[in-house]
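Each remark here refers to the structure printed beneath this line.
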Amino acid sequence: MSVSTLSLSVWWARLGQARRRTFLGYLFLSPWLVGLLAFTLFPILAVFGLGFMEYGIFGRPTWIGLQNYRDILTNDRLFLTTLGNTLYFVALSVPLSTVIGFLLAVALNTRLIGQTLFRTAFYVPSIVPQVAAVLLFVWLFHPQIGLINFALDLLGLEGPNWLGRPQWAKPAIVIMGLWGVGGGMIIYLAGLQSIPQHLYEAAEIDGATEMRRFLMITIPLMTPTLFYNLIIGIIGSFQVFVTAYVATQGGPLNSTLFYVLYLYRYGFEEFRLGYASALAWILFLLVLALTVVVFRSSSSWVYYESGGER
Amino acid sequence: MRHMNPIGRRQFLRGIAGGSALAMLAACAVPATSEPAETGEAPAMEPATISFWHIWGGVRDEQLKTVLDDFGAVHPEIIVEPLLLPNPGYADKIVTALAGDAPDLTMIYTVEFAPAAAQGALQSVDDRLAADDVSGDAWYPGIWDMTQWEGTPYGVPFVGNFLQLFYWNMDDYAAAGLDPEAGALVWDDLRHVMSELSTFDDDGNIDHLGFVPGGWGEWMMGTYRNGHDWYGDATPDGIAIDHPLSQEALEFVVDLYARGGGWDSVGAALEGWGNQQLGNPMIAGVASSIRSGIFTVNVINNQNPDLPYKLGKYPHGPNGEHLDLIQACWNMVIPTNAQNPDAAWTLAKYLSHGEGHLKFMVEIQGRPAMIRDYNMAPHDAKAREVNPYWDDALEVLNGKQVSLPVSDKLGAAQNILREAFERVMLEVDSVGDALSWAQGEVEAIFA
């Protein structure tokens with residue numbers, strides 16, 4: 001046994017059981033910690049710093065203070081457009097995916113024939129690669145040979161040029177986003193199944209109708225899950241990118257130019273990474289602010305069963 | 001037993017950070033055994049290994065390898081490690097590489113070339129060309145311009161025949177009453193083709209198009225083929241988006257779309273054909289003419305060799321003073337942080353203006369070389385065998401070339417022009433208003 005191995009063994013023996021456990025704990029945590037530091041925290045801080053610089057990826061960054069932020073807020077003709085597009089998407093996509101995901105989960109939590117098949121069928125789309133799904137939707141939305149307009153035609157309605165007209169392109173992107181609603185549905189389903197059955201039984205004995213049980217037991221006990229999905233949904237919706245990048249490239253007439261797509265253009269098409277970094281931080285602050293507001297509001301509508309805290 | 005404090009979070013993190021730093025330092029340290037042993041003999045010459053990144057996928061990957069094998073036979077002192085760049089994803093790969101661990105030699109498109117040259121990521125090849133006594137005159141002028149950043153060459157052209165050719169189906173054109181040998185010479189011919197040869201089903205959907213218009217690019221092409229250069233000398237004073245010749249071109253394209261069933265119908269038809277994997281609509285038989293590059297000859301040879309087609313210049317506008325537009329170019333460049341720039345230059349020379357270029361472009365692919373002389377006798381014999389329209393292609397290459405400015409601002413300017421075009425096609429703005437708006441925006445970009 002070498003001297004270094006021996007001294008390591010002595011050191012290990014002298015640590016004591018409690019400290020050995022602590023050390024091992026940190027050792028097991030370290031891959032994650034290193035990943036967090038190197039691939040999340042460091043980029044976040046680097047992007048914050050780059051927001052104050054002129055940086056074109058190939059050269060050295062130069063300090064320009066708040067110039068990027070000034071330009072964004074005063075000079076950038078598309079900043080408000082992209083922000084508006086993104087808020088439109090968030091405002092439509094989050095409530096729709098929440099309601100649809102939740103109702104699907106409720107429906108699939110009841111005893112019905114082929115329950116597992118339905119659960120799988122609704123969940124699978126959420127794990128289909130997004131690009132493949134978007135390409136499929138481009139076909140479905142085709143104004144002449146697409147299935148969506150074909151279905152509208154059967155109902156006697158004239159389908160629009162979904163992705164070719166500014167007023168229809170955003171709703172089309174929202175509909176594409178609903179394709180992945182099964183991901184949220186699975187979380188709701190898990191939440192529904194964790195509601196204690198005895199609550200329903202007690203309510204039933206007391207004569208509560210099914211609707212009353214849904215409103216007074218299911219909904220309140222599902223609020224933590226709804227809250228979680230809401231936060232994740234808001235953060236994810238602000239980052240909408242792939243659908244617009246693949247289906248419309250931000251058009252027509254910038255109607256689907258969402259914030260992150262705009263940021264991407266600056267960073268990787270115009271190579272203005274400093275400017276793109278400033279845009280990223282503005283988005284981060286907006287999402288943070290909205291998340292804080294939702295968190296604050298949660299005390300008035302999220303019910304945590306343990307301890308009865310509201 | 002000696003009392004020891006438990007390890008705190010800070011201590012642990014400090015330890016991890018310190019350990020990582022030491023490991024990095026150790027990795028960066030010069031190896032102690034790098035000195036060659038003194039034996040009294042002259043050290044054997046180690047071949048230089050260079051990395052070469054390119055975009056030639058499919059059958060051309062193999063073709064390039066044969067050319068690189070020839071290079072290896074002539075230059076045994078250089079080992080080339082080729083890498084086919086991903087497509088899509090080429091730009092991400094090349095941009096991140098240029099910012100960090102760069103290859104010795106790479107192909108790069110104009111879009112990425114301009115900012116890379118502007119920000120010092122590429123080596124100037126001015127002195128190397130001078131040392132080899134090679135002049136820019138050897139190349140076609142518009143293509144040579146694509147290698148320049150502020151008057152200095154930062155690369156050599158590899159493939160830049162982005163001159164757009166006009167392909168037409170001779171039988172269809174004869175049916176429309178046009179001379180099948182001449183095709184469409186002026187815009188009015190194209191208007192006629194669009195009206196006569198476009199057909200629709202009972203629902204008004206397009207069955208067949210007389211010509212496949214290419215969106216806002218058709219406006220750009222039309223402007224230059226009407227004798228006007230949008231960017232002039234690429235200064236705010238030299239920019240003329242709202243020029244009457246540009247306006248004339250935009251109105252022509254609006255009319256062209258209208259004759260083909262309108263913006264929505266044409267877009268839907270092209271998208272539908274795309275979904276059906278029809279590829280080039282003219283080759284697939286659903287269109288009578290199209291604007292495309294020289295490689296389309298090879299595609300027709302492979303996919304539909306019986307197609308009765310011909311190629312020539314894109315029709316010009318009523319002004320008559322037409323320009324031949326070079327939109328972009330694939331250059332070969334040596335990054336600033338290349339490990340073996342001298343060996344990389346030897347390969348760049350071979351492939352861009354040496355024997356390798358002649359073999360790869362003209363003899364194997366049957367497409368015009370970037371070097372004027374290589375397209376002439378006696379070098380052109382093999383190319384004429386595979387390309388029946390060799391002279392027509394050369395006529396376009398020998399036209400009055402003008403290139404888009406090599407500028408890191410061009411992408412932003414082109415986005416404005418695309419938006420102006422959409423405003424007109426979606427009837428949000430009149431032609432005049434859209435052009436005035438675009439003029440102001442593009443001026444501001446270049447200011």
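Scheme for the structure tokens: letters A, B, ... for chains in order shown; per-chain residue numbers from 1; ligand numbers from 1 in order shown.
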
> Counting only C-alpha atoms, which residues of chain A come no farther than 8 Å from chain B, as JSON, numbers by chain?
Replying inline: {"A": [15, 18, 19, 22, 23, 26, 56, 57, 58, 59, 139, 142, 143, 144, 145, 161, 164, 165, 252, 253, 254, 268, 269, 270, 271]}

Which polymer residues have any atom within 10 Å of an atom of Leu192 (chain A), counting only C-alpha atoms, with same-chain residues fewer than 4 positions away left out, as a CSV table (one decimal) with N, CA and C atoms, in the first residue's frame?
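What follows is the written file selection-v7.csv:
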chain,number,residue,atom,x,y,z
A,102,PHE,N,-56.4,19.1,-17.6
A,102,PHE,CA,-57.1,18.7,-16.4
A,102,PHE,C,-58.3,17.9,-16.7
A,105,ALA,N,-57.5,14.5,-17.8
A,105,ALA,CA,-57.1,13.7,-16.6
A,105,ALA,C,-58.3,13.2,-15.8
A,106,VAL,N,-59.3,14.1,-15.6
A,106,VAL,CA,-60.5,13.7,-14.9
A,106,VAL,C,-61.2,12.6,-15.6
A,109,ASN,N,-59.5,9.4,-15.4
A,109,ASN,CA,-59.4,8.9,-14.0
A,109,ASN,C,-60.7,8.1,-13.6
A,186,ILE,N,-50.7,13.8,-17.5
A,186,ILE,CA,-50.2,12.7,-16.7
A,186,ILE,C,-49.9,13.2,-15.2
A,187,ILE,N,-49.5,14.4,-15.1
A,187,ILE,CA,-49.2,15.0,-13.7
A,187,ILE,C,-50.6,15.2,-13.0
A,188,TYR,N,-51.6,15.7,-13.8
A,188,TYR,CA,-52.9,15.8,-13.1
A,188,TYR,C,-53.4,14.5,-12.7
A,196,PRO,N,-57.4,11.2,-1.3
A,196,PRO,CA,-57.9,10.1,-0.5
A,196,PRO,C,-59.3,9.8,-0.8
A,218,THR,N,-62.3,17.6,-5.3
A,218,THR,CA,-61.3,17.4,-6.4
A,218,THR,C,-60.6,18.7,-6.7
A,219,ILE,N,-61.3,19.7,-7.0
A,219,ILE,CA,-60.6,21.0,-7.3
A,219,ILE,C,-59.7,21.5,-6.2
A,221,LEU,N,-58.3,20.0,-3.8
A,221,LEU,CA,-57.1,19.1,-3.5
A,221,LEU,C,-56.2,19.0,-4.7
A,222,MET,N,-56.7,19.5,-5.9
A,222,MET,CA,-55.8,19.5,-7.1
A,222,MET,C,-55.1,20.8,-7.2
A,225,THR,N,-51.3,20.8,-7.6
A,225,THR,CA,-50.9,20.3,-8.9
A,225,THR,C,-51.1,21.3,-10.0

> Excluding same-chain residues fewer than 2 positions from Leu404 (chain B), what lies within 12 Å of it counting only C-alpha atoms, as a ChimeraX atom specification?
Replying inline: /B:110-111,114,142-148,162-163,220-221,224,228-234,239,323-329,401-402,406-411,413-414

For the residues in the current selection, export N, CA, C and O atoms as a short mmCIF file (atom, residue, chain, number, x, y, z; two decimals), in the first residue's frame.
data_model
loop_
_atom_site.label_atom_id
_atom_site.label_comp_id
_atom_site.auth_asym_id
_atom_site.auth_seq_id
_atom_site.Cartn_x
_atom_site.Cartn_y
_atom_site.Cartn_z
N THR B 110 -21.43 33.03 -47.26
CA THR B 110 -21.31 34.48 -47.14
C THR B 110 -21.96 35.02 -45.86
O THR B 110 -21.43 35.94 -45.25
N VAL B 111 -23.08 34.44 -45.49
CA VAL B 111 -23.81 34.93 -44.31
C VAL B 111 -22.93 34.90 -43.07
O VAL B 111 -22.93 35.82 -42.25
N ALA B 114 -19.08 37.14 -43.56
CA ALA B 114 -18.94 38.58 -43.32
C ALA B 114 -18.67 38.90 -41.85
O ALA B 114 -17.67 39.57 -41.55
N GLY B 142 -17.88 38.97 -59.79
CA GLY B 142 -18.87 38.97 -58.71
C GLY B 142 -18.55 37.94 -57.65
O GLY B 142 -18.81 38.14 -56.46
N ILE B 143 -17.97 36.84 -58.08
CA ILE B 143 -17.61 35.77 -57.14
C ILE B 143 -16.38 36.18 -56.33
O ILE B 143 -16.31 35.95 -55.12
N TRP B 144 -15.44 36.82 -57.00
CA TRP B 144 -14.25 37.31 -56.28
C TRP B 144 -14.65 38.35 -55.22
O TRP B 144 -14.11 38.35 -54.12
N ASP B 145 -15.62 39.20 -55.57
CA ASP B 145 -16.08 40.21 -54.60
C ASP B 145 -16.57 39.57 -53.30
O ASP B 145 -16.52 40.17 -52.24
N MET B 146 -17.08 38.36 -53.42
CA MET B 146 -17.64 37.68 -52.25
C MET B 146 -16.57 37.22 -51.25
O MET B 146 -16.89 36.71 -50.19
N THR B 147 -15.30 37.38 -51.62
CA THR B 147 -14.23 36.99 -50.69
C THR B 147 -13.66 38.20 -49.95
O THR B 147 -12.75 38.06 -49.14
N GLN B 148 -14.20 39.37 -50.26
CA GLN B 148 -13.59 40.60 -49.75
C GLN B 148 -14.29 41.11 -48.48
O GLN B 148 -15.52 41.13 -48.42
N PHE B 162 -23.89 31.17 -57.91
CA PHE B 162 -25.26 31.37 -57.46
C PHE B 162 -26.01 32.26 -58.44
O PHE B 162 -27.03 32.82 -58.14
N LEU B 163 -25.42 32.37 -59.63
CA LEU B 163 -26.15 33.02 -60.71
C LEU B 163 -27.39 32.18 -60.95
O LEU B 163 -27.29 30.97 -61.15
N MET B 220 -36.20 40.54 -55.76
CA MET B 220 -34.77 40.86 -55.81
C MET B 220 -34.21 40.56 -57.21
O MET B 220 -33.53 41.40 -57.81
N MET B 221 -34.53 39.37 -57.69
CA MET B 221 -34.03 38.97 -59.00
C MET B 221 -34.55 39.95 -60.06
O MET B 221 -33.79 40.40 -60.94
N TYR B 224 -32.70 43.37 -60.06
CA TYR B 224 -31.36 43.34 -60.69
C TYR B 224 -31.47 43.07 -62.18
O TYR B 224 -30.70 43.61 -62.97
N HIS B 228 -31.11 47.44 -61.87
CA HIS B 228 -30.89 48.27 -60.68
C HIS B 228 -30.25 47.47 -59.55
O HIS B 228 -30.59 46.32 -59.32
N ASP B 229 -29.29 48.12 -58.86
CA ASP B 229 -28.62 47.51 -57.71
C ASP B 229 -29.13 48.21 -56.44
O ASP B 229 -28.89 49.40 -56.24
N TRP B 230 -29.83 47.46 -55.60
CA TRP B 230 -30.41 48.04 -54.38
C TRP B 230 -29.37 48.74 -53.50
O TRP B 230 -29.63 49.77 -52.93
N TYR B 231 -28.23 48.07 -53.37
CA TYR B 231 -27.31 48.52 -52.32
C TYR B 231 -26.23 49.47 -52.81
O TYR B 231 -25.54 50.07 -52.00
N GLY B 232 -26.07 49.62 -54.12
CA GLY B 232 -25.05 50.53 -54.62
C GLY B 232 -23.73 50.26 -53.95
O GLY B 232 -23.23 49.13 -53.96
N ASP B 233 -23.16 51.25 -53.29
CA ASP B 233 -21.88 51.03 -52.61
C ASP B 233 -22.09 50.71 -51.13
O ASP B 233 -21.18 50.88 -50.32
N ALA B 234 -23.28 50.27 -50.78
CA ALA B 234 -23.58 49.83 -49.41
C ALA B 234 -23.34 50.92 -48.37
O ALA B 234 -22.91 50.65 -47.26
N ILE B 239 -27.90 53.41 -51.06
CA ILE B 239 -29.02 52.46 -50.98
C ILE B 239 -30.24 53.04 -51.67
O ILE B 239 -30.62 54.18 -51.40
N LEU B 323 -28.68 43.23 -64.96
CA LEU B 323 -27.49 42.83 -64.19
C LEU B 323 -27.64 41.35 -63.82
O LEU B 323 -28.75 40.86 -63.63
N ASP B 324 -26.50 40.67 -63.69
CA ASP B 324 -26.51 39.27 -63.25
C ASP B 324 -26.08 39.23 -61.79
O ASP B 324 -24.95 39.55 -61.46
N LEU B 325 -27.01 38.84 -60.97
CA LEU B 325 -26.81 38.95 -59.52
C LEU B 325 -26.06 37.74 -58.94
O LEU B 325 -26.44 36.60 -59.17
N ILE B 326 -25.03 38.02 -58.17
CA ILE B 326 -24.38 36.99 -57.36
C ILE B 326 -24.84 37.22 -55.93
O ILE B 326 -24.55 38.26 -55.33
N GLN B 327 -25.58 36.25 -55.41
CA GLN B 327 -26.17 36.47 -54.08
C GLN B 327 -25.24 36.05 -52.95
O GLN B 327 -25.26 36.64 -51.88
N ALA B 328 -24.47 35.01 -53.15
CA ALA B 328 -23.65 34.49 -52.06
C ALA B 328 -22.61 33.54 -52.63
O ALA B 328 -22.61 33.25 -53.83
N CYS B 329 -21.73 33.08 -51.78
CA CYS B 329 -20.66 32.21 -52.24
C CYS B 329 -20.16 31.36 -51.08
O CYS B 329 -20.20 31.77 -49.93
N GLN B 401 -21.84 41.05 -64.01
CA GLN B 401 -22.04 40.56 -62.64
C GLN B 401 -22.05 41.70 -61.62
O GLN B 401 -21.24 42.61 -61.68
N VAL B 402 -22.96 41.55 -60.68
CA VAL B 402 -22.94 42.44 -59.52
C VAL B 402 -23.31 41.58 -58.31
O VAL B 402 -24.16 40.70 -58.41
N VAL B 406 -20.94 42.27 -49.19
CA VAL B 406 -20.47 41.36 -48.13
C VAL B 406 -20.46 42.19 -46.86
O VAL B 406 -19.56 42.99 -46.62
N SER B 407 -21.50 42.02 -46.06
CA SER B 407 -21.66 42.88 -44.89
C SER B 407 -22.33 42.12 -43.77
O SER B 407 -23.24 41.32 -44.02
N ASP B 408 -21.92 42.40 -42.54
CA ASP B 408 -22.59 41.76 -41.41
C ASP B 408 -23.97 42.38 -41.17
O ASP B 408 -24.69 41.93 -40.29
N LYS B 409 -24.31 43.41 -41.95
CA LYS B 409 -25.62 44.03 -41.81
C LYS B 409 -26.61 43.55 -42.87
O LYS B 409 -27.78 43.92 -42.83
N LEU B 410 -26.12 42.77 -43.80
CA LEU B 410 -26.97 42.39 -44.93
C LEU B 410 -28.18 41.57 -44.48
O LEU B 410 -29.29 41.76 -44.98
N GLY B 411 -27.97 40.66 -43.54
CA GLY B 411 -29.06 39.80 -43.09
C GLY B 411 -30.22 40.62 -42.55
O GLY B 411 -31.39 40.36 -42.88
N ALA B 413 -30.87 43.73 -43.28
CA ALA B 413 -31.46 44.48 -44.39
C ALA B 413 -32.38 43.59 -45.22
O ALA B 413 -33.49 43.99 -45.60
N GLN B 414 -31.94 42.37 -45.47
CA GLN B 414 -32.76 41.45 -46.26
C GLN B 414 -34.06 41.10 -45.54
O GLN B 414 -35.09 40.90 -46.17
#

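Taking CA of Phe52 (chain B) as the reference point, CA of Asp380 (chain B) is found at 27.3 Å.
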
>> At a cut-off of 9 Å, using only C-alpha atoms, what residues contact Ser237 (chain A)? Leave out same-chain residues fewer than 5 positions from it and give the result as number ranges by chain.
In response: A: 86-87, 89-90, 93-94, 177, 232

>> List the spatial neighbours of region 299-308 of chain B as number ranges by chain - criterion: any atom at most 6 Å away, only C-alpha atoms, same-chain residues fewer than 3 positions off excluded.
In response: B: 169-170, 296

>> I need the residues of region 11-246 of chain A that end up classed as strand (DSSP E) by DSSP on the backbone, written out as a list in words.
In response: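 Strand (DSSP E) assignments inside region 11-246 of chain A correspond to Met53, Glu54, Thr62 and Trp63 of chain A.
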